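Q: My questions will all concern the structure given below.
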Amino acid sequence: MPSELDPIESAAKGFTKGILEFSAEQVAEWVRKAKQGELSFIEDDETIEVVMEQRKKPELELYRKYITSPELKLQIEMGLVLRRIDADEKKRNNLKEKLTRKFGTAGLHVAELVKCGILSRYVSILLGEAKTEVEFKEGLQDILTGIDKYVEFIQNQDSVEKKSNAVVQRINANLPRAMVLFSSGDAIRKADEIFECIKANIDGYNYNVEEQVTAETGIRQRYHFIIKKL
Amino acid sequence: MEFVSIKNLPKAVRLAILKQLGYGSDGQFVTDEQGKRIRDRYVDVEISLSNMLIFPGSTIILDNNYLSVAAYLEEHEDAF
């Protein structure tokens with residue numbers, strides 16, 4: 001018989017049934033329950049288990065408290081899932097493809113920044129001056145809906161001159177409290193060059209460089225912060 | 001909520017379940033009663049017979065992926 005336990009508990013204990021023997025009556029009973037909203041058919045436990053696991057995390061609960069958009073909530077949640085499945089390239093790429101399909105590259109970028117843990121640090125830099133909860137909420141919403149204004153993803157094939165000029169123009173136009181250049185693997189060297197060019201062409205900003213290595217994959221990621229002087 | 005894993009169910013049983021729920025299959029993908037392939041409502045992909053989820057709530061059939069599960073739970077917070 002199917003499990004009536006919590007799905008996570010069921011999955012962990014292997015209670016969910018992979019039924020090999022069945023009867024027409026059994027199928028009819030399952031379908032009756034499904035129609036009444038009492039039963040779900042699942043392919044594997046892992047998909048639901050991973051999603052439910054992330055939904056319980058304080059990091060997600062914090063963001064959910066301040067974000068009203070269902071789309072942004074999902075992008076953040078999928079960022080945590082990306083972090084969880086990072087070592088599985090096939091699943092990782094499949095999720096990225098689905099995120100891009102549903103939300104476009106901006107949605108994927110939100111998820112990627114959550115995945116690498118940089119969003120929380122970035123938000124604290126940007127919203128450090130928020131005086132009220134409403135101000136914080138609006139600022140957070142603004143960052144997430146305009147993520148590509150505040151974050152530049154550096155590719156190995158980028159032109160140093162073109163990219164640095166574009167970032168300088170954006171900084172001068174928007175006067176953001178902070179911007180981040182995000183790079184990984186072979187693109188890090190290019191990001192370093194772009195960062196130096198930007199520094200030489202703007203005033204009133206401080207700079208900070210952080211790096212992390214993904215434990216599972218060994219891939220280096222570098223974050224060049226450009227932070228407005230207070 | 002009860003969960004039945006269909007991972008190891010024979011194809012014939014999957015088809016029987018779908019038929020009783022008012023769906024069908026062209027052998028590879030899930031179809032509606034008219035034989036037209038249905039699509040996952042959240043990520044807009046065709047739903048493979050070998051990688052599907054069937055959730056309650058007017059019987060929703062989805063592709064088995066993290067985003068679709070999360071989107072479903074966003075709409076049906078108390079589902080599980």
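In the structure tokens, each chain is lettered A, B, ... as it comes, each chain's residues begin at 1, and ligands are numbered from 1 in order of appearance.
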Give me, as a JSON list (two decimals) with N, CA and C atoms, in the first residue's frame, the contact residues of chain B against chain A at a cut-off of 10 Å, counting only C-alpha atoms.

A:
[["chain", "number", "residue", "atom", "x", "y", "z"],
["B", 1, "MET", "N", -1.79, 13.02, 2.63],
["B", 1, "MET", "CA", -1.46, 12.76, 1.22],
["B", 1, "MET", "C", -0.68, 11.46, 1.10],
["B", 2, "GLU", "N", -1.12, 10.62, 0.20],
["B", 2, "GLU", "CA", -0.38, 9.39, -0.08],
["B", 2, "GLU", "C", 0.46, 9.59, -1.34],
["B", 3, "PHE", "N", 1.59, 8.93, -1.37],
["B", 3, "PHE", "CA", 2.47, 9.01, -2.55],
["B", 3, "PHE", "C", 2.71, 7.60, -3.09],
["B", 4, "VAL", "N", 2.48, 7.46, -4.36],
["B", 4, "VAL", "CA", 2.77, 6.18, -5.01],
["B", 4, "VAL", "C", 3.87, 6.40, -6.03],
["B", 5, "SER", "N", 4.96, 5.70, -5.85],
["B", 5, "SER", "CA", 6.05, 5.80, -6.82],
["B", 5, "SER", "C", 5.70, 4.99, -8.06],
["B", 6, "ILE", "N", 5.76, 5.67, -9.21],
["B", 6, "ILE", "CA", 5.44, 4.95, -10.45],
["B", 6, "ILE", "C", 6.72, 4.57, -11.20],
["B", 7, "LYS", "N", 7.85, 4.83, -10.55],
["B", 7, "LYS", "CA", 9.14, 4.60, -11.20],
["B", 7, "LYS", "C", 9.28, 3.18, -11.75],
["B", 8, "ASN", "N", 8.85, 2.22, -10.96],
["B", 8, "ASN", "CA", 9.03, 0.83, -11.37],
["B", 8, "ASN", "C", 7.76, 0.18, -11.93],
["B", 9, "LEU", "N", 6.76, 1.01, -12.14],
["B", 9, "LEU", "CA", 5.52, 0.44, -12.68],
["B", 9, "LEU", "C", 5.68, 0.14, -14.18],
["B", 10, "PRO", "N", 5.17, -0.98, -14.61],
["B", 10, "PRO", "CA", 5.20, -1.29, -16.05],
["B", 10, "PRO", "C", 4.44, -0.23, -16.85],
["B", 13, "VAL", "N", 0.68, -0.27, -16.80],
["B", 13, "VAL", "CA", 0.00, 0.26, -15.61],
["B", 13, "VAL", "C", -0.05, 1.78, -15.68],
["B", 14, "ARG", "N", 1.04, 2.37, -16.13],
["B", 14, "ARG", "CA", 1.04, 3.84, -16.30],
["B", 14, "ARG", "C", -0.08, 4.25, -17.25],
["B", 16, "ALA", "N", -2.77, 2.60, -17.91],
["B", 16, "ALA", "CA", -4.08, 2.36, -17.29],
["B", 16, "ALA", "C", -4.45, 3.51, -16.36],
["B", 17, "ILE", "N", -3.48, 3.98, -15.61],
["B", 17, "ILE", "CA", -3.72, 5.11, -14.70],
["B", 17, "ILE", "C", -4.13, 6.35, -15.50],
["B", 18, "LEU", "N", -3.36, 6.61, -16.54],
["B", 18, "LEU", "CA", -3.66, 7.79, -17.37],
["B", 18, "LEU", "C", -5.06, 7.70, -17.97],
["B", 19, "LYS", "N", -5.39, 6.51, -18.48],
["B", 19, "LYS", "CA", -6.69, 6.32, -19.13],
["B", 19, "LYS", "C", -7.82, 6.59, -18.15],
["B", 20, "GLN", "N", -7.66, 6.06, -16.93],
["B", 20, "GLN", "CA", -8.73, 6.26, -15.93],
["B", 20, "GLN", "C", -8.83, 7.72, -15.48],
["B", 21, "LEU", "N", -7.75, 8.47, -15.68],
["B", 21, "LEU", "CA", -7.78, 9.89, -15.32],
["B", 21, "LEU", "C", -8.22, 10.76, -16.50],
["B", 42, "TYR", "N", 3.75, 24.59, -16.21],
["B", 42, "TYR", "CA", 4.70, 25.54, -15.62],
["B", 42, "TYR", "C", 5.94, 25.78, -16.48],
["B", 43, "VAL", "N", 6.43, 24.75, -17.14],
["B", 43, "VAL", "CA", 7.66, 24.94, -17.92],
["B", 43, "VAL", "C", 7.44, 24.69, -19.42],
["B", 44, "ASP", "N", 6.19, 24.43, -19.79],
["B", 44, "ASP", "CA", 5.81, 24.33, -21.19],
["B", 44, "ASP", "C", 6.64, 23.31, -21.98],
["B", 45, "VAL", "N", 6.77, 22.13, -21.43],
["B", 45, "VAL", "CA", 7.41, 21.05, -22.19],
["B", 45, "VAL", "C", 6.43, 19.88, -22.29],
["B", 50, "SER", "N", 7.64, 8.44, -19.31],
["B", 50, "SER", "CA", 8.62, 7.85, -18.39],
["B", 50, "SER", "C", 9.15, 8.87, -17.37],
["B", 51, "ASN", "N", 8.61, 10.08, -17.39],
["B", 51, "ASN", "CA", 9.12, 11.08, -16.44],
["B", 51, "ASN", "C", 8.01, 12.06, -16.04],
["B", 52, "MET", "N", 6.94, 11.49, -15.50],
["B", 52, "MET", "CA", 5.78, 12.34, -15.19],
["B", 52, "MET", "C", 5.44, 12.30, -13.71],
["B", 53, "LEU", "N", 4.69, 13.31, -13.31],
["B", 53, "LEU", "CA", 4.14, 13.40, -11.96],
["B", 53, "LEU", "C", 2.65, 13.64, -12.10],
["B", 54, "ILE", "N", 1.87, 13.04, -11.23],
["B", 54, "ILE", "CA", 0.43, 13.32, -11.26],
["B", 54, "ILE", "C", 0.04, 13.80, -9.87],
["B", 55, "PHE", "N", -0.33, 15.09, -9.82],
["B", 55, "PHE", "CA", -0.69, 15.70, -8.54],
["B", 55, "PHE", "C", -2.18, 15.96, -8.48],
["B", 56, "PRO", "N", -2.72, 15.97, -7.26],
["B", 56, "PRO", "CA", -4.14, 16.30, -7.14],
["B", 56, "PRO", "C", -4.41, 17.77, -7.42],
["B", 57, "GLY", "N", -5.67, 18.09, -7.54],
["B", 57, "GLY", "CA", -6.06, 19.47, -7.87],
["B", 57, "GLY", "C", -6.50, 19.44, -9.31],
["B", 58, "SER", "N", -7.67, 18.93, -9.59],
["B", 58, "SER", "CA", -8.16, 18.70, -10.96],
["B", 58, "SER", "C", -7.18, 17.81, -11.72],
["B", 59, "THR", "N", -6.48, 16.97, -11.01],
["B", 59, "THR", "CA", -5.53, 16.02, -11.57],
["B", 59, "THR", "C", -4.55, 16.69, -12.53],
["B", 60, "ILE", "N", -3.47, 17.19, -11.96],
["B", 60, "ILE", "CA", -2.47, 17.91, -12.74],
["B", 60, "ILE", "C", -1.32, 16.97, -13.10],
["B", 61, "ILE", "N", -1.05, 16.86, -14.39],
["B", 61, "ILE", "CA", 0.07, 16.03, -14.83],
["B", 61, "ILE", "C", 1.23, 16.94, -15.23],
["B", 62, "LEU", "N", 2.39, 16.67, -14.65],
["B", 62, "LEU", "CA", 3.55, 17.53, -14.88],
["B", 62, "LEU", "C", 4.76, 16.72, -15.29],
["B", 63, "ASP", "N", 5.72, 17.43, -15.88],
["B", 63, "ASP", "CA", 7.04, 16.87, -16.10],
["B", 63, "ASP", "C", 7.73, 16.77, -14.74],
["B", 64, "ASN", "N", 8.47, 15.71, -14.54],
["B", 64, "ASN", "CA", 9.15, 15.51, -13.25],
["B", 64, "ASN", "C", 10.42, 16.36, -13.20],
["B", 65, "ASN", "N", 10.29, 17.59, -12.69],
["B", 65, "ASN", "CA", 11.46, 18.45, -12.53],
["B", 65, "ASN", "C", 11.24, 19.38, -11.34],
["B", 66, "TYR", "N", 12.34, 19.92, -10.81],
["B", 66, "TYR", "CA", 12.27, 20.72, -9.59],
["B", 66, "TYR", "C", 11.39, 21.96, -9.73],
["B", 67, "LEU", "N", 11.51, 22.63, -10.86],
["B", 67, "LEU", "CA", 10.78, 23.89, -11.05],
["B", 67, "LEU", "C", 9.27, 23.65, -11.09],
["B", 68, "SER", "N", 8.86, 22.62, -11.78],
["B", 68, "SER", "CA", 7.42, 22.34, -11.86],
["B", 68, "SER", "C", 6.86, 21.96, -10.50],
["B", 69, "VAL", "N", 7.63, 21.17, -9.74],
["B", 69, "VAL", "CA", 7.16, 20.78, -8.40],
["B", 69, "VAL", "C", 7.04, 22.02, -7.51],
["B", 70, "ALA", "N", 8.05, 22.88, -7.55],
["B", 70, "ALA", "CA", 8.03, 24.09, -6.72],
["B", 70, "ALA", "C", 6.89, 25.02, -7.15],
["B", 71, "ALA", "N", 6.69, 25.15, -8.45],
["B", 71, "ALA", "CA", 5.61, 26.02, -8.94],
["B", 71, "ALA", "C", 4.25, 25.48, -8.52],
["B", 73, "LEU", "N", 3.67, 23.71, -5.83],
["B", 73, "LEU", "CA", 3.53, 23.95, -4.40],
["B", 73, "LEU", "C", 3.27, 25.43, -4.09],
["B", 74, "GLU", "N", 3.75, 26.29, -4.96],
["B", 74, "GLU", "CA", 3.49, 27.72, -4.79],
["B", 74, "GLU", "C", 1.99, 28.00, -4.96],
["B", 75, "GLU", "N", 1.38, 27.25, -5.86],
["B", 75, "GLU", "CA", -0.06, 27.42, -6.11],
["B", 75, "GLU", "C", -0.93, 26.64, -5.14],
["B", 79, "ALA", "N", -0.89, 21.35, -0.35],
["B", 79, "ALA", "CA", -1.09, 20.10, -1.09],
["B", 79, "ALA", "C", -0.47, 18.90, -0.38],
["B", 80, "PHE", "N", 0.74, 19.09, 0.14],
["B", 80, "PHE", "CA", 1.40, 17.94, 0.79],
["B", 80, "PHE", "C", 1.31, 18.03, 2.31]]

Q: List as number ranges by chain the protein and nucleic acid residues near segment 187-199 of chain A, meaning an atom at most 6 Å away when only C-alpha atoms are counted, but skip any in the same chain fewer than 2 places from it.

A: A: 155-156, 160, 164, 183-185, 201-202

Q: Which residues are close to Asp32 of chain B, i.e. within 6 Å by only C-alpha atoms, leaving aside same-chain residues fewer than 4 positions away? Reply as a count of residues only.

A: 3

Q: List as JSON, numbers by chain the protein and nucleic acid residues near segment 205-221 of chain A, meaning an atom at most 10 Å away when only C-alpha atoms are counted, but skip any in the same chain fewer than 2 places from it.

A: {"A": [83, 85, 86, 87, 88, 89, 116, 117, 118, 177, 178, 179, 180, 181, 182, 183, 184, 185, 186, 187, 188, 192, 195, 199, 202, 203, 223, 224, 225, 226, 227, 228, 229, 230]}

Q: Mind writing the picked residues with N, CA and C atoms as a JSON list (two decimals), in the first residue's frame?

A:
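This went into part_10.json:
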[["chain", "number", "residue", "atom", "x", "y", "z"],
["A", 83, "ARG", "N", 22.11, 25.01, -5.85],
["A", 83, "ARG", "CA", 23.21, 24.81, -4.90],
["A", 83, "ARG", "C", 23.24, 23.35, -4.43],
["A", 85, "ILE", "N", 22.09, 20.65, -5.95],
["A", 85, "ILE", "CA", 22.35, 19.63, -6.97],
["A", 85, "ILE", "C", 23.59, 19.98, -7.81],
["A", 86, "ASP", "N", 24.39, 20.88, -7.30],
["A", 86, "ASP", "CA", 25.51, 21.42, -8.08],
["A", 86, "ASP", "C", 26.45, 20.34, -8.64],
["A", 87, "ALA", "N", 26.61, 19.27, -7.90],
["A", 87, "ALA", "CA", 27.56, 18.23, -8.33],
["A", 87, "ALA", "C", 27.01, 17.38, -9.48],
["A", 88, "ASP", "N", 25.73, 17.47, -9.73],
["A", 88, "ASP", "CA", 25.11, 16.66, -10.79],
["A", 88, "ASP", "C", 24.91, 17.54, -12.03],
["A", 89, "GLU", "N", 25.86, 17.45, -12.94],
["A", 89, "GLU", "CA", 25.86, 18.35, -14.11],
["A", 89, "GLU", "C", 24.58, 18.24, -14.94],
["A", 116, "CYS", "N", 25.17, 30.73, -5.38],
["A", 116, "CYS", "CA", 26.55, 30.93, -4.92],
["A", 116, "CYS", "C", 26.60, 31.72, -3.61],
["A", 117, "GLY", "N", 25.43, 32.07, -3.07],
["A", 117, "GLY", "CA", 25.40, 32.72, -1.76],
["A", 117, "GLY", "C", 25.73, 34.20, -1.81],
["A", 118, "ILE", "N", 25.89, 34.72, -3.03],
["A", 118, "ILE", "CA", 26.33, 36.10, -3.14],
["A", 118, "ILE", "C", 25.15, 37.07, -2.99],
["A", 177, "ARG", "N", 24.34, 51.63, -5.58],
["A", 177, "ARG", "CA", 25.12, 51.53, -4.35],
["A", 177, "ARG", "C", 26.21, 50.48, -4.50],
["A", 178, "ALA", "N", 25.95, 49.50, -5.34],
["A", 178, "ALA", "CA", 26.96, 48.47, -5.55],
["A", 178, "ALA", "C", 26.71, 47.76, -6.86],
["A", 179, "MET", "N", 27.78, 47.25, -7.43],
["A", 179, "MET", "CA", 27.67, 46.37, -8.60],
["A", 179, "MET", "C", 28.60, 45.19, -8.37],
["A", 180, "VAL", "N", 28.31, 44.10, -9.05],
["A", 180, "VAL", "CA", 29.17, 42.92, -8.93],
["A", 180, "VAL", "C", 29.52, 42.41, -10.31],
["A", 181, "LEU", "N", 30.81, 42.12, -10.51],
["A", 181, "LEU", "CA", 31.21, 41.38, -11.69],
["A", 181, "LEU", "C", 31.33, 39.93, -11.25],
["A", 182, "PHE", "N", 30.63, 39.07, -11.94],
["A", 182, "PHE", "CA", 30.61, 37.66, -11.56],
["A", 182, "PHE", "C", 31.34, 36.86, -12.64],
["A", 183, "SER", "N", 32.31, 36.06, -12.23],
["A", 183, "SER", "CA", 33.04, 35.26, -13.21],
["A", 183, "SER", "C", 33.42, 33.91, -12.60],
["A", 184, "SER", "N", 33.66, 32.96, -13.46],
["A", 184, "SER", "CA", 34.09, 31.65, -12.96],
["A", 184, "SER", "C", 35.03, 31.01, -13.99],
["A", 185, "GLY", "N", 35.83, 30.07, -13.50],
["A", 185, "GLY", "CA", 36.74, 29.32, -14.37],
["A", 185, "GLY", "C", 37.66, 30.21, -15.18],
["A", 186, "ASP", "N", 37.68, 29.95, -16.49],
["A", 186, "ASP", "CA", 38.59, 30.67, -17.38],
["A", 186, "ASP", "C", 38.26, 32.16, -17.52],
["A", 187, "ALA", "N", 37.05, 32.54, -17.18],
["A", 187, "ALA", "CA", 36.64, 33.95, -17.34],
["A", 187, "ALA", "C", 37.17, 34.84, -16.22],
["A", 188, "ILE", "N", 37.75, 34.26, -15.19],
["A", 188, "ILE", "CA", 38.21, 35.06, -14.05],
["A", 188, "ILE", "C", 39.30, 36.05, -14.46],
["A", 192, "ASP", "N", 39.22, 40.11, -14.12],
["A", 192, "ASP", "CA", 40.25, 40.92, -13.45],
["A", 192, "ASP", "C", 40.65, 42.12, -14.31],
["A", 195, "PHE", "N", 37.81, 44.64, -14.48],
["A", 195, "PHE", "CA", 37.71, 45.31, -13.17],
["A", 195, "PHE", "C", 38.73, 46.44, -13.08],
["A", 199, "LYS", "N", 37.92, 50.45, -12.63],
["A", 199, "LYS", "CA", 38.47, 51.22, -11.50],
["A", 199, "LYS", "C", 39.15, 52.50, -11.99],
["A", 202, "ILE", "N", 36.16, 55.33, -12.97],
["A", 202, "ILE", "CA", 35.07, 55.85, -12.14],
["A", 202, "ILE", "C", 35.62, 56.41, -10.83],
["A", 203, "ASP", "N", 34.84, 57.30, -10.24],
["A", 203, "ASP", "CA", 35.23, 57.89, -8.95],
["A", 203, "ASP", "C", 34.13, 57.62, -7.93],
["A", 223, "TYR", "N", 34.10, 37.24, -7.39],
["A", 223, "TYR", "CA", 33.15, 38.35, -7.36],
["A", 223, "TYR", "C", 33.92, 39.64, -7.15],
["A", 224, "HIS", "N", 33.84, 40.53, -8.11],
["A", 224, "HIS", "CA", 34.47, 41.83, -8.00],
["A", 224, "HIS", "C", 33.37, 42.82, -7.58],
["A", 225, "PHE", "N", 33.45, 43.30, -6.36],
["A", 225, "PHE", "CA", 32.44, 44.25, -5.86],
["A", 225, "PHE", "C", 32.92, 45.68, -6.13],
["A", 226, "ILE", "N", 31.98, 46.49, -6.59],
["A", 226, "ILE", "CA", 32.21, 47.92, -6.79],
["A", 226, "ILE", "C", 31.19, 48.62, -5.89],
["A", 227, "ILE", "N", 31.65, 49.20, -4.78],
["A", 227, "ILE", "CA", 30.73, 49.68, -3.74],
["A", 227, "ILE", "C", 30.86, 51.19, -3.58],
["A", 228, "LYS", "N", 29.73, 51.86, -3.63],
["A", 228, "LYS", "CA", 29.74, 53.31, -3.54],
["A", 228, "LYS", "C", 30.22, 53.76, -2.16],
["A", 229, "LYS", "N", 31.11, 54.77, -2.17],
["A", 229, "LYS", "CA", 31.58, 55.31, -0.89],
["A", 229, "LYS", "C", 30.44, 56.06, -0.22],
["A", 230, "LEU", "N", 30.27, 55.86, 1.10],
["A", 230, "LEU", "CA", 29.20, 56.53, 1.83],
["A", 230, "LEU", "C", 29.64, 57.91, 2.27]]

Q: DSSP on the backbone: what in chain B comes out strand (DSSP E or B), as a short mmCIF file (atom, residue, chain, number, x, y, z; two decimals) with N, CA and C atoms, in the first residue's frame?

A:
data_model
loop_
_atom_site.label_atom_id
_atom_site.label_comp_id
_atom_site.auth_asym_id
_atom_site.auth_seq_id
_atom_site.Cartn_x
_atom_site.Cartn_y
_atom_site.Cartn_z
N GLU B 2 -1.12 10.62 0.20
CA GLU B 2 -0.38 9.39 -0.08
C GLU B 2 0.46 9.59 -1.34
N PHE B 3 1.59 8.93 -1.37
CA PHE B 3 2.47 9.01 -2.55
C PHE B 3 2.71 7.60 -3.09
N VAL B 4 2.48 7.46 -4.36
CA VAL B 4 2.77 6.18 -5.01
C VAL B 4 3.87 6.40 -6.03
N SER B 5 4.96 5.70 -5.85
CA SER B 5 6.05 5.80 -6.82
C SER B 5 5.70 4.99 -8.06
N GLY B 24 -4.22 9.94 -22.16
CA GLY B 24 -3.74 8.83 -22.96
C GLY B 24 -2.26 8.99 -23.22
N SER B 25 -1.77 8.26 -24.18
CA SER B 25 -0.36 8.38 -24.56
C SER B 25 -0.17 7.93 -25.99
N PHE B 29 4.74 10.11 -25.11
CA PHE B 29 4.33 11.27 -24.32
C PHE B 29 2.86 11.15 -23.88
N VAL B 30 2.52 11.93 -22.86
CA VAL B 30 1.16 11.94 -22.37
C VAL B 30 0.30 12.78 -23.31
N THR B 31 -0.89 12.29 -23.60
CA THR B 31 -1.80 13.02 -24.51
C THR B 31 -3.14 13.26 -23.82
N ARG B 37 -0.64 15.83 -27.61
CA ARG B 37 0.30 15.84 -26.50
C ARG B 37 0.03 17.02 -25.57
N ARG B 39 1.12 19.58 -22.39
CA ARG B 39 2.37 20.22 -21.97
C ARG B 39 2.33 20.55 -20.50
N GLU B 46 6.61 19.07 -23.33
CA GLU B 46 5.78 17.87 -23.43
C GLU B 46 6.15 16.93 -22.29
N SER B 48 6.83 13.41 -20.80
CA SER B 48 7.20 12.06 -21.18
C SER B 48 6.50 11.04 -20.28
N MET B 52 6.94 11.49 -15.50
CA MET B 52 5.78 12.34 -15.19
C MET B 52 5.44 12.30 -13.71
N LEU B 53 4.69 13.31 -13.31
CA LEU B 53 4.14 13.40 -11.96
C LEU B 53 2.65 13.64 -12.10
N ILE B 54 1.87 13.04 -11.23
CA ILE B 54 0.43 13.32 -11.26
C ILE B 54 0.04 13.80 -9.87
N PHE B 55 -0.33 15.09 -9.82
CA PHE B 55 -0.69 15.70 -8.54
C PHE B 55 -2.18 15.96 -8.48
N ILE B 60 -3.47 17.19 -11.96
CA ILE B 60 -2.47 17.91 -12.74
C ILE B 60 -1.32 16.97 -13.10
N ILE B 61 -1.05 16.86 -14.39
CA ILE B 61 0.07 16.03 -14.83
C ILE B 61 1.23 16.94 -15.23
N LEU B 62 2.39 16.67 -14.65
CA LEU B 62 3.55 17.53 -14.88
C LEU B 62 4.76 16.72 -15.29
N ASP B 63 5.72 17.43 -15.88
CA ASP B 63 7.04 16.87 -16.10
C ASP B 63 7.73 16.77 -14.74
#

Q: Can you list, as a list in words, every protein, DNA or RNA residue that comes within 9 Å of Ser120 of chain A when you count only C-alpha atoms, leaving out same-chain residues fewer than 6 positions away?

A: Glu59, Leu113 and Val114 of chain A

Q: How would the residues just picked look written out with N, CA and C atoms as a PDB file, in the first residue's frame?

A:
ATOM      1  N   GLU A  59      16.961  30.664   5.006  1.00  0.00           N
ATOM      2  CA  GLU A  59      17.364  31.613   3.963  1.00  0.00           C
ATOM      3  C   GLU A  59      16.192  31.906   3.036  1.00  0.00           C
ATOM      4  N   LEU A 113      22.783  33.663  -8.497  1.00  0.00           N
ATOM      5  CA  LEU A 113      23.340  34.463  -7.401  1.00  0.00           C
ATOM      6  C   LEU A 113      22.932  33.918  -6.040  1.00  0.00           C
ATOM      7  N   VAL A 114      21.740  33.360  -5.980  1.00  0.00           N
ATOM      8  CA  VAL A 114      21.324  32.704  -4.731  1.00  0.00           C
ATOM      9  C   VAL A 114      22.171  31.458  -4.530  1.00  0.00           C
TER      10      VAL A 114
END

Q: Do you have the atom CA of Leu62 of chain A-atom CA of His76 of chain B distance handy?

A: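 Separation between atom CA of Leu62 of chain A and atom CA of His76 of chain B: 20.2 Å.
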
Q: Can you tell me, as a PyMOL selection string, which residues in segment 11-80 of chain B count as alpha helix (DSSP H) by DSSP?

A: chain B and resi 11-20+66-75

Q: Just the number, please: distance in Å from atom CA of Phe153 of chain A to atom CA of Glu135 of chain A, one decimal.

A: 27.1 Å

Q: Atom CA of Gly128 of chain A and atom CA of Glu61 of chain A are how many Å apart?

A: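 So the two atoms, atom CA of Gly128 of chain A and atom CA of Glu61 of chain A, lie 19.8 Å apart.
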